[in-house]
Each structure stands twice: as C-alpha cells, then as structure tokens.
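Some notes on the structure that comes next.
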Amino acid sequence: MVESRVFRWANGSTVEEEWCDPHAGSVRAADSWLVVEGTAVHVERHLDRFRGSVATQGLELDTDAFANDVLGLIPTEGRWFPRVEAMDYDDGAILRFHLRPAPEPLTEAIVGTATRDPRTLPLVKGPDLAALGAVRRELDLDEAVILDGENLAEGAWSSIVWWANDTLHVVDPAIPRLPSVTEQTLRDHAAFIGAPVIPATVRPDELDGAEVWVLSALHGIRVVTEWRNGPTVHVEPGRAEYWRQQYVNQRTVISAS
C-alpha cells in the first residue's frame with residue numbers, strides 16, 4: 001500500500017517532513033482534488049478557492065509559489081488525492097501539502113439529515129472540516145446533509161444538487177455554503193448544452209420523487225439511493241452516467257508553470 005507523504009513550505013520550497021503529526025495545528029484553509037494518471041478536473045479552480053480562503057483568513061502566505069511547487073510533486077501515474085492547507089502551528093502560520101493515495105470512486109450514497117450545523121465559516125474550506133466529519137460519523141452514513149435553518153445547504157464534505165421535472169436544481173446562492181468546483185463544472189456543461197439550472201430553496205421533505213446527487217472532487221457524482229428517515233428519492237436510468245462522462249472529459253494534464 002502506498003503511504004501518504006507530508007511536505008512543508010519552507011524558505012521558498014517544499015520540503016518533506018521526516019515526521020509530523022498530520023492532525024497537529026489548527027487548519028485555517030484547505031483544499032483537495034482528485035488526480036488520475038497525472039490529470040485532474042479544473043485544478044486551478046481548487047487552487048483559486050484555496051488562495052481565496054487563505055486571503056479571507058487574513059494570512060500573508062506565498063500561496064502562488066507554494067501551489068506551483070506542489071503541482072510538480074504529484075506523480076503522473078496512479079490515483080492521488082492531494083491536499084493543500086494553511087495551518088496555525090506553534091507561533092505562526094505555515095503552508096503544508098499532503099500527497100495521499102486516492103481510493104476508487106463511489107457511484108452511490110446513502111445520506112441522512114444532520115441534527116446540527118457545526119459550521120463556523122461556511123464560505124471558507126478548512127476550519128470546519130473536522131467538525132463536519134464528526135457530524136457524518138455520528139450518522140454512520142455515506143454523507144450528512146447540512147441544513148441552514150430548515151433548508152438544504154450542502155453535504156458535510158460535498159455539494160448537493162437535485163433533478164426535478166428533468167431540470168437540474170442547485171441550492172440558492174442566498175444560503176451560505178462552500179463554492180463547489182464539481183458543481184460549477186456540471187453547471188458549465190449545462191450552459192454548454194443549453195440546459196437550465198434553477199437555484200432553489202428546498203426542505204428535505206420537499207424532495208420526494210427527486211433525483212439527488214452528492215458532488216465532490218474525490219467521487220465526482222454519487223447518486224443518492226436512500227435518504228435515511230427522509231424523502232423518497234428517484235434514480236433516472238442513464239442520467240448520472242452521461243453527466244459523469246462529461247465531468248471526466250474535463251480532466252487535463254497537471255503541470256507546474
């Protein structure tokens with residue numbers, strides 16, 4: 001089994017940590033993406049989101065040089081799920097890179113509605129990841145659906161979209177949630193083929209009969225086959241397969257400038 005490796009940005013370059021506790025320190029910003037045989041879907045969007053999160057947190061770190069350096073560390077063979085992060089560590093903020101092997105993708109998910117919303121910074125990826133993971137573990141399901149009040153916001157580690165009346169729906173932008181690279185990629189294709197995308201505010205009980213998708217960089221599109229103690233969901237044969245292929249078609253070769 002291939003083991004994860006951890007690197008730290010120091011003196012203008014990334015150096016491998018001989019030993020470190022990957023859970024030490026406080027995460028201020030983070031991002032990750034799937035790499036398959038040296039290719040990825042819109043890696044620059046992930047890095048832009050990371051840069052934005054770092055800036056929002058008020059950290060003065062050289063994210064441009066760091067991002068360019070870590071791209072050169074990703075192997076061109078195999079499946080990887082690299083992660084970049086900004087950390088409060090000891091007496092200052094640091095940049096760190098995890099090179100992690102990726103599991104095989106899943107195509108289905110059983111979800112449940114979370115009993116609480118642990119997010120403190122819903123527009124910044126990183127600070128709330130551990131708390132959101134704990135909510136998902138409490139349900140012991142593939143994903144926990146986070147609510148903003150009574151309305152659907154996002155998954156613990158994903159974006160949630162749904163199909164109703166053969167139309168793709170997304171969470172209304174007035175509801176605070178992370179900007180999703182995977183969701184935006186699907187929206188781009190919808191615009192390309194002239195398919196409408198409708199922003200909406202919806203409660204879980206209003207999704208009876210809808211087809212619900214869980215979106216993430218790691219798995220792409222997972223179709224919800226069961227919403228435990230929630231709405232009765234529908235699966236339209238062939239729909240997810242088509243959109244998965246369009247998503248995979250966006251993979252391009254990763255290269256450092």
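Each chain in the structure tokens gets a letter, A, B, ..., in the order shown, and its residues are numbered from 1; ligands are numbered from 1 in order too.
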Leaving out A:Val170 and any residue of its chain fewer than 5 positions from it, which residues lie within 9 Å of it when counting only C-alpha atoms, given as an mmCIF file with N, CA, C and O atoms, in the first residue's frame?
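Now in selection_16.cif:
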data_model
loop_
_atom_site.group_PDB
_atom_site.id
_atom_site.type_symbol
_atom_site.label_atom_id
_atom_site.label_comp_id
_atom_site.auth_asym_id
_atom_site.auth_seq_id
_atom_site.Cartn_x
_atom_site.Cartn_y
_atom_site.Cartn_z
ATOM 1 N N SER A 159 -21.202 18.930 -2.154
ATOM 2 C CA SER A 159 -22.285 19.797 -2.601
ATOM 3 C C SER A 159 -23.468 18.902 -2.955
ATOM 4 O O SER A 159 -23.285 17.764 -3.387
ATOM 5 N N ILE A 160 -24.683 19.403 -2.767
ATOM 6 C CA ILE A 160 -25.886 18.631 -3.071
ATOM 7 C C ILE A 160 -26.674 19.349 -4.169
ATOM 8 O O ILE A 160 -26.950 20.549 -4.059
ATOM 9 N N VAL A 161 -27.028 18.611 -5.226
ATOM 10 C CA VAL A 161 -27.918 19.125 -6.267
ATOM 11 C C VAL A 161 -29.022 18.103 -6.495
ATOM 12 O O VAL A 161 -28.927 16.963 -6.035
ATOM 13 N N TRP A 162 -30.063 18.499 -7.198
ATOM 14 C CA TRP A 162 -31.161 17.557 -7.431
ATOM 15 C C TRP A 162 -31.845 17.841 -8.761
ATOM 16 O O TRP A 162 -31.782 18.948 -9.292
ATOM 17 N N TRP A 163 -32.467 16.791 -9.273
ATOM 18 C CA TRP A 163 -33.231 16.875 -10.513
ATOM 19 C C TRP A 163 -34.715 16.758 -10.184
ATOM 20 O O TRP A 163 -35.133 15.817 -9.514
ATOM 21 N N GLU A 183 -19.617 21.108 -8.689
ATOM 22 C CA GLU A 183 -20.918 21.649 -9.102
ATOM 23 C C GLU A 183 -20.757 22.648 -10.240
ATOM 24 O O GLU A 183 -21.523 22.627 -11.211
ATOM 25 N N VAL A 197 -30.492 25.545 -15.325
ATOM 26 C CA VAL A 197 -30.103 25.232 -13.948
ATOM 27 C C VAL A 197 -30.856 26.210 -13.054
ATOM 28 O O VAL A 197 -30.724 27.424 -13.215
ATOM 29 N N ILE A 198 -31.637 25.688 -12.135
ATOM 30 C CA ILE A 198 -32.515 26.531 -11.325
ATOM 31 C C ILE A 198 -32.030 26.583 -9.887
ATOM 32 O O ILE A 198 -31.997 25.554 -9.199
ATOM 33 N N PRO A 199 -31.644 27.763 -9.376
ATOM 34 C CA PRO A 199 -31.350 27.900 -7.947
ATOM 35 C C PRO A 199 -32.658 27.827 -7.163
ATOM 36 O O PRO A 199 -33.668 28.417 -7.572
ATOM 37 N N ALA A 200 -32.644 27.139 -6.037
ATOM 38 C CA ALA A 200 -33.878 26.963 -5.284
ATOM 39 C C ALA A 200 -33.584 26.796 -3.806
ATOM 40 O O ALA A 200 -32.502 26.360 -3.410
ATOM 41 N N THR A 201 -34.558 27.150 -3.003
ATOM 42 C CA THR A 201 -34.543 26.884 -1.572
ATOM 43 C C THR A 201 -35.494 25.726 -1.320
ATOM 44 O O THR A 201 -36.657 25.772 -1.743
#
Please report as a Markdown table every residue of stretch 97-135 of chain A lying within 10 Å of stretch 67-72 of chain A, along with the nearest atom pair and their distance in Å (one decimal), using only C-alpha atoms.
| residue | atom | partner | partner_atom | distance |
| --- | --- | --- | --- | --- |
| A:Phe97 | CA | A:Val70 | CA | 7.1 |
| A:His98 | CA | A:Val70 | CA | 9.3 |
| A:Leu99 | CA | A:Val70 | CA | 9.1 |
Selected residues written out, C-alpha atoms, as an mmCIF file, in the first residue's frame:
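Saved result, out_21.cif, follows:
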data_model
loop_
_atom_site.group_PDB
_atom_site.id
_atom_site.type_symbol
_atom_site.label_atom_id
_atom_site.label_comp_id
_atom_site.auth_asym_id
_atom_site.auth_seq_id
_atom_site.Cartn_x
_atom_site.Cartn_y
_atom_site.Cartn_z
ATOM 1 C CA PHE A 97 0.962 19.671 1.381
ATOM 2 C CA HIS A 98 -0.299 16.118 1.789
ATOM 3 C CA LEU A 99 0.293 13.686 -1.070
#
How many Å lie between atom CA of A:Ala210 and atom CA of A:Glu241, rounded to one decimal?
->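 Going from atom CA of A:Ala210 over to atom CA of A:Glu241 covers 16.9 Å.
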Assign secondary structure with DSSP using the backbone only, and return the residues of stretch 173-213 of chain A in helix (DSSP H, G or I) as a PyMOL selection string.
-> chain A and resi 181-193+204-207
What does the distance between atom CA of A:Val41 and atom CA of A:Arg5 come to in Å, to one decimal place?
->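 Here the two named atoms are 22.2 Å from each other.
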Any idea what the distance is between atom CA of A:Asp91 and atom CA of A:Ala29?
->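 Separation between atom CA of A:Asp91 and atom CA of A:Ala29: 17.1 Å.
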Residue nearest A:Pro118 - candidates A:Asp148, A:Asp188, A:Glu143, A:Glu3, atoms counted: only C-alpha atoms | A:Asp148
If you count only C-alpha atoms, which residues fall within 12 Å of A:Ala190, apart from same-chain ones fewer than 5 positions away, as an NGL selection string?
-> :A and (167-169 or 183-185 or 195-198 or 242-243 or 246-247)
